[in-house]
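Data block below; observations after.
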Amino acid sequence: MTVPVQRAGDDGPAMSLRGLVKQFDTKLAVAGVDLDVPASSFYGLLGPNGAGKTTTLSMAVGLLRPDAGQALLLGYDVWTDPAQAKALIGVLPDGVRLFDRLTGAELLAYHGLLRGMDPAVVDQRAQELLDVLELGAGNRTLIVDYSAGMKKKIGLACALLHGPRLLILDEPFEAVDPVSAALIRDILQRYVAGGGTVVFSSHVMEVVERLCSHVAIMAAGAIRVQGTLSAVRGKRSLEDVFVEVVGGRTSTGSELAWL
Amino acid sequence: MTFVRLKLRILKNGLHGQTSRVALFVLGALAGVGLAVGGWFIFALAGLLGSDRGAGIVLPLGGGALVLGWLFLPLVFFGVDESLDPSRFALLPLRRRTLINGLFVAALAGIPAIATLAATLGMVETVRRLGGLGAGAVEFVGVVLGLLLCTALSRAVTSAFATSLRSRRSRDVATVVLALVAALLGPLQIAVLTGAERANWDRVAEVAALVGWTPLGAPYTMGLDVAEGRAWAVPIKLVIAVAAIGGLLRWWSSTLERAMVGTAGVSRRLPTVDTGLPVARLLFRWLPRSRFGALVAREVRYWWRETRRRATLITFGVVGIFLPVMMSISGLGAGPMLLFVGALAAVNLANQFGFEGSAYAANVAAGVPGRVEVRSRAAGFSVYAIPLLLVIAVVTGFVAGAPEVIPSSLGMLAATFGVGLGVILPISVRAAYALPDSTNPFAMSSGAGLTKGLMTFAGLFLAIIATLPLQLAAYLLGDLWLWLGLPLGLGYGAAAYLLGSRLAGDQVDRRMPELLATVSPHR
């Protein structure tokens, strides 16, 4: 596939979040997140379930209006200048349905035209993506009948299609089988090597440790630690740091004795 | 009882902290009270006036109308409250009997059921005044049976229709069946109407007596039979009503089982090889290869591929053709019905954003401008609606034996459709709501059926009011209208549509994330 050509010489962070806050009814889901993602970094956002990762990323890409704060994508504020900001990013939301009554090829064509791309380029890239991601260029199955892993892959293809400079992926490896996961890792690594920036959320330590140049650990709606992988990890394993930062309980062996 | 508690709990949690939903619920409850009180007076009037004959007409026909209302209103307007989605119970160790009974009782715990019961208590009052306490007690039993019949009927029919809509072949069968039922209503309606027109109450009374012996009217006439000294009829009518309820429940139960097993999804096996480039596969040949074209193409495919939309479309097609044709046949003229049908077409878009739910996120993330979004949706639906309106105009013209009115009818349809869109598009942005992830295309989450009904009626009402100038013109211009109707109607409708879509588009631009949040089902 074509790795999109990146414009060189951009300074400043690719994504910059300032004091993002979101309150749902009575629950404070995100309590003031500040995050700087350097350009050309592979950034992992870690956190346990319910930490506010999805909420944060949704606010960062313009899907959820924050109660307070600012989200800058490649220098454009996604809430005051949405057209500019949204044109430059690719998004894979989690827990959101795709237009699943279309076939894979139709969905890609839809996304391409929605982004204002030239139809000929859409055709060429869409077929290449379907081929590389092993979704079958001639497949007429509707996406609603895809497996969970295939849905993730077609979602990723939609995010990549217009050659964005910043990819924001929510749980891209969830429900993906090991073979596909390796393929996705490979594609993303090439994308970053070509100058793109990837931000993704996950709670799988191994993936983050293997891929990321930078990590941030989130818990209870706030960023607890952020920095380069080596700075955050130190001499310990990422998992140990994570459990310590999040404050998980360790098993004493006495509970659930009836199991 | 557990099921009722579960349903009330779901309702309570759904209302928790959502001011607008609480307001809607209260509004719905008030509407229910209003209908109940109004219905009570209508049904009790015969008793208050002491008219045996009036009771003999109002009770069976009114009761029959209620039952038919329970049959058609969920299909056309409201959907069924499926806050207890049957497929959620598939894994629980429940016997089917327990499940059906539980769901049935839970279905009774709702505003429509309570309002119906309250209204029909007016019948009990009538019978009590005419025939004393004993007859009143019998009528009470009948009224309760009638409520059970209504509920069982609406559940069974929506469930069966939903099940049959799932496969391509039987979908067409379901359409035909629904059309036939609608067609069967015609002769009955004509008989009653012509009878009423000629003030021929004897004939109406005959029809009413006949209806009293069908499941439609049997439960509602039991007490009356006692009052009029035909107590022997009561056991027979009891059997008729109970057998009807039992049969419906059995039918419901069998379709429900298919629905529960089928939730894994019936995948349509299409030929797996398709040559052709992606863009050409998405777009139809007549669409521009642009953003607008892509949006319209997706809408057009969705109206056919998604069961919920397809059900809406098919129901509208059947209702839209049969109502005006029936009115033409009965000699009342299709004019008023055309107003209704044009607006009804637009009303199908009232929750257009709710249909695909959170998938709308793709358009938000891509930053589709509001006006493009709204207009592409209207265009996608019009691909189906405009030919249908054309057919309606032509068919009613010929049925009425006056083909010369076809152009002006078309003008009126275009005007009401355009005005309807102008009214409904802004509503669809402001009052969107999430639909449950159910396999039943008629399923609604608790309270949403009411929203849908209110929006539908508000849209219809506003659209019909807004076309008043045109109706006035049609009346004043006389024969000239036959020529001017089409251009005037087209212009009027187009102007209203442009205004409404502009308004709606600007609202979308302002409220895109909020809109996405309201149509995403809560997880």
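Ordering of the structure tokens sets the chain letters (A, B, ...); residue numbers start at 1 within each chain; ligands are numbered from 1 in the order shown.
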Legend entry - 6 Å contacts from chain A to chain B using only C-alpha atoms, as a list in words: Leu63, Leu64, Val96, Arg97, Leu98, Phe99, Ala105, Glu106, Ala109, Tyr110, Leu113, Leu114, Asp123, Gly138, Asn139 and Arg140 of chain A
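In this structure, atom CA of Ile236 of chain B sits 12.7 Å away from atom CA of Gly223 of chain B.
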Legend entry - Phe316 of chain B environment, 9 Å, only C-alpha atoms, sequence neighbours closer than 6 positions dropped, as a PyMOL selection string: chain B and resi 76+341+344-345+348
Could you dump the residues just selected with C-alpha atoms as a compact mmCIF listing (two decimals), in the first residue's frame?
```txt
# COMPACT_ATOMS: atom_id res chain seq x y z
CA VAL B 76 -47.71 2.80 11.05
CA VAL B 341 -50.26 11.18 2.38
CA LEU B 344 -46.92 11.32 5.88
CA ALA B 345 -44.18 10.66 3.33
CA ASN B 348 -40.87 9.06 7.61
```
Inset, instruction - Write out as a ChimeraX atom specification the residues lying within 7 Å of segment 50-55 of chain A, counting only C-alpha atoms and excluding same-chain residues fewer than 4 positions away. - result: /A:29-30,59,170,201,218-221
Keeping only C-alpha atoms, take the residues you just selected and write them out as a short mmCIF file (atom, residue, chain, number, x, y, z; two decimals), in the first residue's frame.
```
data_model
loop_
_atom_site.label_atom_id
_atom_site.label_comp_id
_atom_site.auth_asym_id
_atom_site.auth_seq_id
_atom_site.Cartn_x
_atom_site.Cartn_y
_atom_site.Cartn_z
CA ALA A 29 -15.58 10.98 33.22
CA VAL A 30 -12.58 13.12 32.33
CA MET A 59 -13.32 14.86 22.56
CA ASP A 170 -9.42 3.71 19.90
CA SER A 201 -5.58 3.52 23.31
CA MET A 218 -4.69 7.27 32.50
CA ALA A 219 -6.79 6.43 35.54
CA ALA A 220 -10.03 7.86 36.90
CA GLY A 221 -10.24 10.55 34.24
#
```
Inset, instruction - Find the residues around segment 173-179 of chain A up to 9 Å (only C-alpha atoms counted), leave out those fewer than 3 positions away in its own chain, and share them as a ChimeraX atom specification. - result: /A:148-150,152-153,170,182-185,202,204,207
Output the selection as a PDB file, in the first residue's frame - C-alpha atoms for each residue.
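What landed in selection.pdb:
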```
ATOM      1  CA  ALA A 148     -15.333  -8.444  14.963  1.00  0.00           C
ATOM      2  CA  GLY A 149     -11.749  -8.545  13.734  1.00  0.00           C
ATOM      3  CA  MET A 150     -12.778  -7.822  10.155  1.00  0.00           C
ATOM      4  CA  LYS A 152     -11.764  -3.437  13.073  1.00  0.00           C
ATOM      5  CA  LYS A 153      -9.753  -3.890   9.898  1.00  0.00           C
ATOM      6  CA  ASP A 170      -9.418   3.711  19.896  1.00  0.00           C
ATOM      7  CA  ALA A 182       0.710  -8.445  13.346  1.00  0.00           C
ATOM      8  CA  LEU A 183      -0.405  -7.050   9.992  1.00  0.00           C
ATOM      9  CA  ILE A 184      -1.906  -3.939  11.577  1.00  0.00           C
ATOM     10  CA  ARG A 185       1.246  -3.419  13.672  1.00  0.00           C
ATOM     11  CA  SER A 202      -5.167   0.060  24.690  1.00  0.00           C
ATOM     12  CA  VAL A 204      -2.685  -4.580  26.421  1.00  0.00           C
ATOM     13  CA  VAL A 207       1.423  -4.320  22.285  1.00  0.00           C
TER      14      VAL A 207
END
```
Inset, instruction - For Arg224 of chain A, work out the shell of residues within 10 Å, counting only C-alpha atoms and skipping chain neighbours fewer than 6 positions away, then give it as an MDAnalysis selection string. - result: chainID A and resid 33 47 216:218 242 245:246
Legend entry - DSSP strand (DSSP E or B) residues within segment 28-138 of chain A, listed as a PyMOL selection string: chain A and resi 28-37+42-46+68-73+76-77+89-92+103
Inset, instruction - Run DSSP on the backbone and grab whatever in segment 215-365 of chain B lands in helix (DSSP H, G or I); send it over as a PyMOL selection string. - result: chain B and resi 218-227+233-264+278-282+291-305+307-329+335-347+352-365
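Coordinates place atom CA of Ala135 of chain B at a distance of 26.1 Å from atom CA of Trp70 of chain B.
Closest to Asp509 of chain B among B:Val429, B:Val105, B:Leu130, B:Leu35 is B:Val429, based on only C-alpha atoms.
Atom CA of Gly478 of chain B sits 18.1 Å away from atom CA of Gly401 of chain B.
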Inset, instruction - Would you kindly return, as a PyMOL selection string, each protein, DNA or RNA residue with an atom no farther than 12 Å from any atom of Ala231 of chain B, considering only C-alpha atoms and excluding same-chain residues fewer than 6 positions away? - result: chain B and resi 131+134-135+138-139+221-225+237-238
